[in-house]
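Student: Please find one structure pasted underneath; my questions will follow.
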Amino acid sequence: MYGASLNQIVTGHSAITELAVKKGWENPYDAPSNQLSNAYAKSQNTLKSKK
């Protein structure tokens with residue numbers, strides 16, 4: 001039962017990750033510093049939209 005659940009979770013995560021990469025929402029092959037800068041910028045935009 002746990003194995004089947006884990007497989008479903010991993011499959012779902014893989015599908016979401018693939019979609020994010022295809023849409024350009026995430027760039028896993030960028031340099032770590034670029035990834036950090038992008039994550040920070042996205043968090044700033046999120047905070048601005050909540051105000």
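Residues are referred to by chain and number: the chain letter is A, B, ... according to the order shown in the structure tokens, the number counts from 1 in that chain, and ligands are numbered separately from 1 in the order shown.
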So that I can check the secondary structure, give me every residue of chain A assigned helix (DSSP H, G or I) by backbone DSSP, as a PyMOL selection string.
Tutor: chain A and resi 2-23+32-50
Student: Interatomic distance between atom CA of Ala39 of chain A and atom CA of Asn27 of chain A?
Tutor: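 Pair atom CA of Ala39 of chain A / atom CA of Asn27 of chain A returns 10.6 Å.
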Student: Go through A:Ala20, A:Thr11, A:Ala4, A:Trp25 one by one, measure the shortest atom-to-atom distance of each to Lys42 of chain A using only C-alpha atoms, and give the residue with the smallest value.
Tutor: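 For Lys42 of chain A, the nearest of the candidates is A:Trp25.
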Student: Quick one: residues within 12 Å of Glu26 of chain A, only C-alpha atoms, excluding same-chain residues fewer than 2 positions away - as a ChimeraX atom specification?
Tutor: /A:16-24,28-30,34-36,38-39,42
